[in-house]
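For reference, my_file_23.txt is printed below; it contains compact mmCIF, C-alpha atoms.
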```
# COMPACT_ATOMS: atom_id res chain seq x y z
CA MET A 10 -64.77 -98.52 67.37
CA LYS A 11 -64.65 -96.64 70.67
CA ILE A 12 -67.62 -94.60 71.85
CA GLY A 13 -68.81 -92.67 74.88
CA LEU A 14 -72.29 -92.67 76.43
CA HIS A 15 -73.88 -90.49 79.09
CA CYS A 16 -76.72 -92.31 80.88
CA TRP A 17 -79.23 -91.55 83.62
CA VAL A 18 -80.82 -94.45 85.49
CA THR A 19 -84.15 -93.97 87.30
CA GLY A 20 -85.86 -96.16 89.88
CA ARG A 21 -84.73 -97.64 93.18
CA VAL A 22 -81.07 -97.17 92.32
CA GLN A 23 -79.58 -95.48 95.40
CA GLY A 24 -78.79 -97.33 98.60
CA VAL A 25 -78.66 -100.68 96.77
CA ALA A 26 -74.93 -100.80 95.84
CA PHE A 27 -75.76 -99.71 92.28
CA ARG A 28 -72.59 -97.61 91.91
CA TYR A 29 -70.36 -100.40 93.22
CA HIS A 30 -71.80 -103.04 90.89
CA THR A 31 -71.72 -100.60 87.96
CA ALA A 32 -68.03 -99.91 88.52
CA GLN A 33 -67.20 -103.61 88.90
CA LEU A 34 -68.94 -104.49 85.61
CA ALA A 35 -67.30 -101.60 83.76
CA ILE A 36 -63.86 -102.69 84.96
CA ARG A 37 -64.53 -106.33 83.95
CA LEU A 38 -65.57 -105.14 80.47
CA GLY A 39 -62.49 -102.92 80.11
CA LEU A 40 -64.50 -99.69 80.14
CA THR A 41 -63.63 -96.32 81.66
CA GLY A 42 -65.75 -93.48 83.00
CA GLU A 43 -67.62 -92.71 86.20
CA VAL A 44 -70.83 -93.29 88.11
CA ARG A 45 -72.46 -90.96 90.68
CA ASN A 46 -75.67 -90.51 92.65
CA LEU A 47 -77.75 -87.45 91.78
CA LYS A 48 -79.76 -85.40 94.28
CA ASP A 49 -83.01 -86.29 92.48
CA GLY A 50 -82.55 -90.02 93.22
CA ARG A 51 -81.19 -91.05 89.82
CA VAL A 52 -77.75 -92.45 89.05
CA GLU A 53 -75.62 -90.79 86.36
CA VAL A 54 -73.14 -92.86 84.35
CA LYS A 55 -70.54 -91.81 81.80
CA VAL A 56 -68.96 -94.79 80.08
CA TYR A 57 -66.30 -95.06 77.40
CA GLY A 58 -64.84 -97.94 75.42
CA GLU A 59 -65.36 -100.41 72.62
CA ALA A 60 -68.90 -100.19 71.24
CA THR A 61 -69.72 -103.87 71.85
CA SER A 62 -68.63 -103.67 75.50
CA VAL A 63 -70.52 -100.40 76.01
CA GLU A 64 -73.64 -102.06 74.56
CA THR A 65 -73.32 -105.02 76.95
CA PHE A 66 -72.85 -102.58 79.84
CA CYS A 67 -75.93 -100.58 78.86
CA LEU A 68 -78.10 -103.69 78.66
CA TRP A 69 -77.08 -104.43 82.26
CA LEU A 70 -78.03 -100.88 83.34
CA HIS A 71 -81.66 -101.75 82.54
CA GLN A 72 -81.66 -104.36 85.32
CA GLY A 73 -78.87 -103.29 87.68
CA PRO A 74 -77.84 -105.28 90.75
CA PRO A 75 -80.31 -107.63 92.49
CA ALA A 76 -81.55 -105.08 95.08
CA ALA A 77 -82.23 -102.38 92.46
CA THR A 78 -85.48 -101.70 90.62
CA VAL A 79 -84.70 -99.85 87.39
CA THR A 80 -87.69 -98.09 85.83
CA GLN A 81 -85.96 -96.09 83.09
CA VAL A 82 -82.57 -95.68 81.42
CA HIS A 83 -81.87 -92.74 79.14
CA CYS A 84 -78.55 -92.64 77.24
CA GLU A 85 -77.04 -90.13 74.84
CA LYS A 86 -73.89 -90.48 72.75
CA ILE A 87 -71.06 -88.22 73.84
CA PRO A 88 -69.78 -86.36 70.78
CA ASN A 89 -65.97 -86.32 70.45
CA PRO A 90 -65.45 -88.11 73.77
CA LEU A 91 -62.28 -87.78 75.80
CA PHE A 92 -61.41 -91.23 77.10
CA PRO A 93 -60.44 -91.32 80.80
CA GLU A 94 -57.92 -93.91 81.98
CA GLU A 95 -60.07 -95.62 84.61
CA PHE A 96 -63.63 -96.15 85.86
CA LYS A 97 -64.39 -94.49 89.16
CA ILE A 98 -67.18 -93.94 91.62
CA ALA A 99 -67.53 -90.15 91.78
CA SER A 100 -68.82 -88.25 94.77
CA SER A 101 -72.52 -87.56 94.77
CA GLU A 102 -73.85 -84.41 93.13
```
Just give me the structure of the file as structure tokens.
Amino acid sequence: MKIGLHCWVTGRVQGVAFRYHTAQLAIRLGLTGEVRNLKDGRVEVKVYGEATSVETFCLWLHQGPPAATVTQVHCEKIPNPLFPEEFKIASSE
């Protein structure tokens, strides 16, 4: 079953290659969507794909890359998601 999630990651998540590593993992898992930095210091992620792969991806969001310090992850299901064709690093908010 395919799903979509909208997540916000809080902590030391900017300036630590968080977006790059997020995109690389998503691509390896066959997921689509986007990741961007927010002005308030959080990272926003929209991810789409098979539920098991999205779950694996979300577990990783709680730790992030080695230089990151994640303090909170909040995710919400996207109702009636439109599935993009690729995963991209979007420009910052």
* **Shell around Gly58 (chain A) at 8 Å using all atoms listed in the file, local window under 2 positions removed, as a ChimeraX atom specification** => /A:11-13,39-41,56,60,62-63,92
* **Pro75 (chain A) surroundings by only C-alpha atoms, 10 Å radius, close-in-sequence under 3 positions cut, as a ChimeraX atom specification** => /A:25-27,30,72,78
* To do: Scan for residues within 6 Å of the point (-75.4, -89.2, 76.4) in the coordinates of the file, using all atoms listed in the file, and reply as an MDAnalysis selection string.
  => chainID A and resid 14:16 84:87
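For the pair CA of Ala76 (chain A) and CA of Thr19 (chain A), the interatomic distance is 13.8 Å.
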* **Shortest interatomic distance to Ala77 (chain A) - which of A:Arg45, A:Arg37, A:Lys97, A:Arg51, counting only C-alpha atoms** => A:Arg51
* **Best match for closeness to Asn89 (chain A) among A:Thr31, A:Leu68, A:Gln23, A:Tyr57, counting all atoms listed in the file** => A:Tyr57
* Structure fact -> The residue from A:Ala32, A:Val22, A:Cys67, A:Val79 with the smallest atom-to-atom distance to Val44 (chain A), counting all atoms listed in the file, is A:Ala32
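Between CA of Pro93 (chain A) and CA of Gly50 (chain A) lies a distance of 25.4 Å.
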* Asked: What does the distance from CA of Leu70 (chain A) to CA of Leu34 (chain A) come to in Å, to one decimal?
  ->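 Computing it gives 10.0 Å between the two atoms.
The smallest atom-to-atom distance between Leu47 (chain A) and any of A:Ser100, A:Gln33, A:Thr61, A:Thr80, using all atoms listed in the file, is found for A:Ser100.
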* Nearest to Glu94 (chain A), chosen from A:Leu38, A:Arg28, A:Glu43, A:Arg21, with all atoms listed in the file counted in the distances -> A:Glu43
* To do: Using all atoms listed in the file, find the one residue out of A:Trp69, A:Gly42, A:Gly24, A:Trp17 that sits nearest to Phe96 (chain A).
  =>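 Going through A:Trp69, A:Gly42, A:Gly24, A:Trp17 one by one, the smallest distance to Phe96 (chain A) is for A:Gly42.
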As a PDB file, in the frame of the given file, could you write out region 75-95 of chain A once it has been completed with N, CA and C atoms?
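File written: selection39.pdb
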```pdb
ATOM      1  N   PRO A  75     -79.083-106.978  92.004  1.00  0.00           N
ATOM      2  CA  PRO A  75     -80.310-107.630  92.490  1.00  0.00           C
ATOM      3  C   PRO A  75     -81.229-106.756  93.338  1.00  0.00           C
ATOM      4  N   ALA A  76     -80.694-105.875  94.185  1.00  0.00           N
ATOM      5  CA  ALA A  76     -81.550-105.080  95.080  1.00  0.00           C
ATOM      6  C   ALA A  76     -82.160-103.854  94.389  1.00  0.00           C
ATOM      7  N   ALA A  77     -81.734-103.563  93.177  1.00  0.00           N
ATOM      8  CA  ALA A  77     -82.230-102.380  92.460  1.00  0.00           C
ATOM      9  C   ALA A  77     -83.533-102.685  91.720  1.00  0.00           C
ATOM     10  N   THR A  78     -84.296-101.625  91.491  1.00  0.00           N
ATOM     11  CA  THR A  78     -85.480-101.700  90.620  1.00  0.00           C
ATOM     12  C   THR A  78     -85.344-100.552  89.624  1.00  0.00           C
ATOM     13  N   VAL A  79     -84.903-100.872  88.421  1.00  0.00           N
ATOM     14  CA  VAL A  79     -84.700 -99.850  87.390  1.00  0.00           C
ATOM     15  C   VAL A  79     -86.014 -99.652  86.637  1.00  0.00           C
ATOM     16  N   THR A  80     -86.453 -98.394  86.551  1.00  0.00           N
ATOM     17  CA  THR A  80     -87.690 -98.090  85.830  1.00  0.00           C
ATOM     18  C   THR A  80     -87.427 -97.407  84.489  1.00  0.00           C
ATOM     19  N   GLN A  81     -86.260 -96.759  84.356  1.00  0.00           N
ATOM     20  CA  GLN A  81     -85.960 -96.090  83.090  1.00  0.00           C
ATOM     21  C   GLN A  81     -84.454 -95.869  82.969  1.00  0.00           C
ATOM     22  N   VAL A  82     -83.956 -96.007  81.742  1.00  0.00           N
ATOM     23  CA  VAL A  82     -82.570 -95.680  81.420  1.00  0.00           C
ATOM     24  C   VAL A  82     -82.594 -94.802  80.186  1.00  0.00           C
ATOM     25  N   HIS A  83     -81.961 -93.641  80.288  1.00  0.00           N
ATOM     26  CA  HIS A  83     -81.870 -92.740  79.140  1.00  0.00           C
ATOM     27  C   HIS A  83     -80.382 -92.514  78.854  1.00  0.00           C
ATOM     28  N   CYS A  84     -79.957 -92.802  77.614  1.00  0.00           N
ATOM     29  CA  CYS A  84     -78.550 -92.640  77.240  1.00  0.00           C
ATOM     30  C   CYS A  84     -78.434 -91.756  76.010  1.00  0.00           C
ATOM     31  N   GLU A  85     -77.371 -90.977  75.986  1.00  0.00           N
ATOM     32  CA  GLU A  85     -77.040 -90.130  74.840  1.00  0.00           C
ATOM     33  C   GLU A  85     -75.579 -90.346  74.489  1.00  0.00           C
ATOM     34  N   LYS A  86     -75.279 -90.378  73.183  1.00  0.00           N
ATOM     35  CA  LYS A  86     -73.890 -90.480  72.750  1.00  0.00           C
ATOM     36  C   LYS A  86     -73.157 -89.206  73.130  1.00  0.00           C
ATOM     37  N   ILE A  87     -71.912 -89.358  73.538  1.00  0.00           N
ATOM     38  CA  ILE A  87     -71.060 -88.220  73.840  1.00  0.00           C
ATOM     39  C   ILE A  87     -70.281 -87.893  72.574  1.00  0.00           C
ATOM     40  N   PRO A  88     -70.512 -86.706  71.998  1.00  0.00           N
ATOM     41  CA  PRO A  88     -69.780 -86.360  70.780  1.00  0.00           C
ATOM     42  C   PRO A  88     -68.313 -86.059  71.107  1.00  0.00           C
ATOM     43  N   ASN A  89     -67.412 -86.544  70.265  1.00  0.00           N
ATOM     44  CA  ASN A  89     -65.970 -86.320  70.450  1.00  0.00           C
ATOM     45  C   ASN A  89     -65.518 -86.598  71.878  1.00  0.00           C
ATOM     46  N   PRO A  90     -65.756 -87.818  72.363  1.00  0.00           N
ATOM     47  CA  PRO A  90     -65.450 -88.110  73.770  1.00  0.00           C
ATOM     48  C   PRO A  90     -63.951 -88.078  74.064  1.00  0.00           C
ATOM     49  N   LEU A  91     -63.630 -87.653  75.263  1.00  0.00           N
ATOM     50  CA  LEU A  91     -62.280 -87.780  75.800  1.00  0.00           C
ATOM     51  C   LEU A  91     -62.294 -89.034  76.655  1.00  0.00           C
ATOM     52  N   PHE A  92     -61.372 -89.931  76.431  1.00  0.00           N
ATOM     53  CA  PHE A  92     -61.410 -91.230  77.100  1.00  0.00           C
ATOM     54  C   PHE A  92     -60.558 -91.217  78.369  1.00  0.00           C
ATOM     55  N   PRO A  93     -61.214 -91.277  79.552  1.00  0.00           N
ATOM     56  CA  PRO A  93     -60.440 -91.320  80.800  1.00  0.00           C
ATOM     57  C   PRO A  93     -59.691 -92.652  80.911  1.00  0.00           C
ATOM     58  N   GLU A  94     -58.754 -92.719  81.843  1.00  0.00           N
ATOM     59  CA  GLU A  94     -57.920 -93.910  81.980  1.00  0.00           C
ATOM     60  C   GLU A  94     -58.501 -94.982  82.871  1.00  0.00           C
ATOM     61  N   GLU A  95     -59.524 -94.640  83.666  1.00  0.00           N
ATOM     62  CA  GLU A  95     -60.070 -95.620  84.610  1.00  0.00           C
ATOM     63  C   GLU A  95     -61.574 -95.397  84.781  1.00  0.00           C
TER      64      GLU A  95
END
```
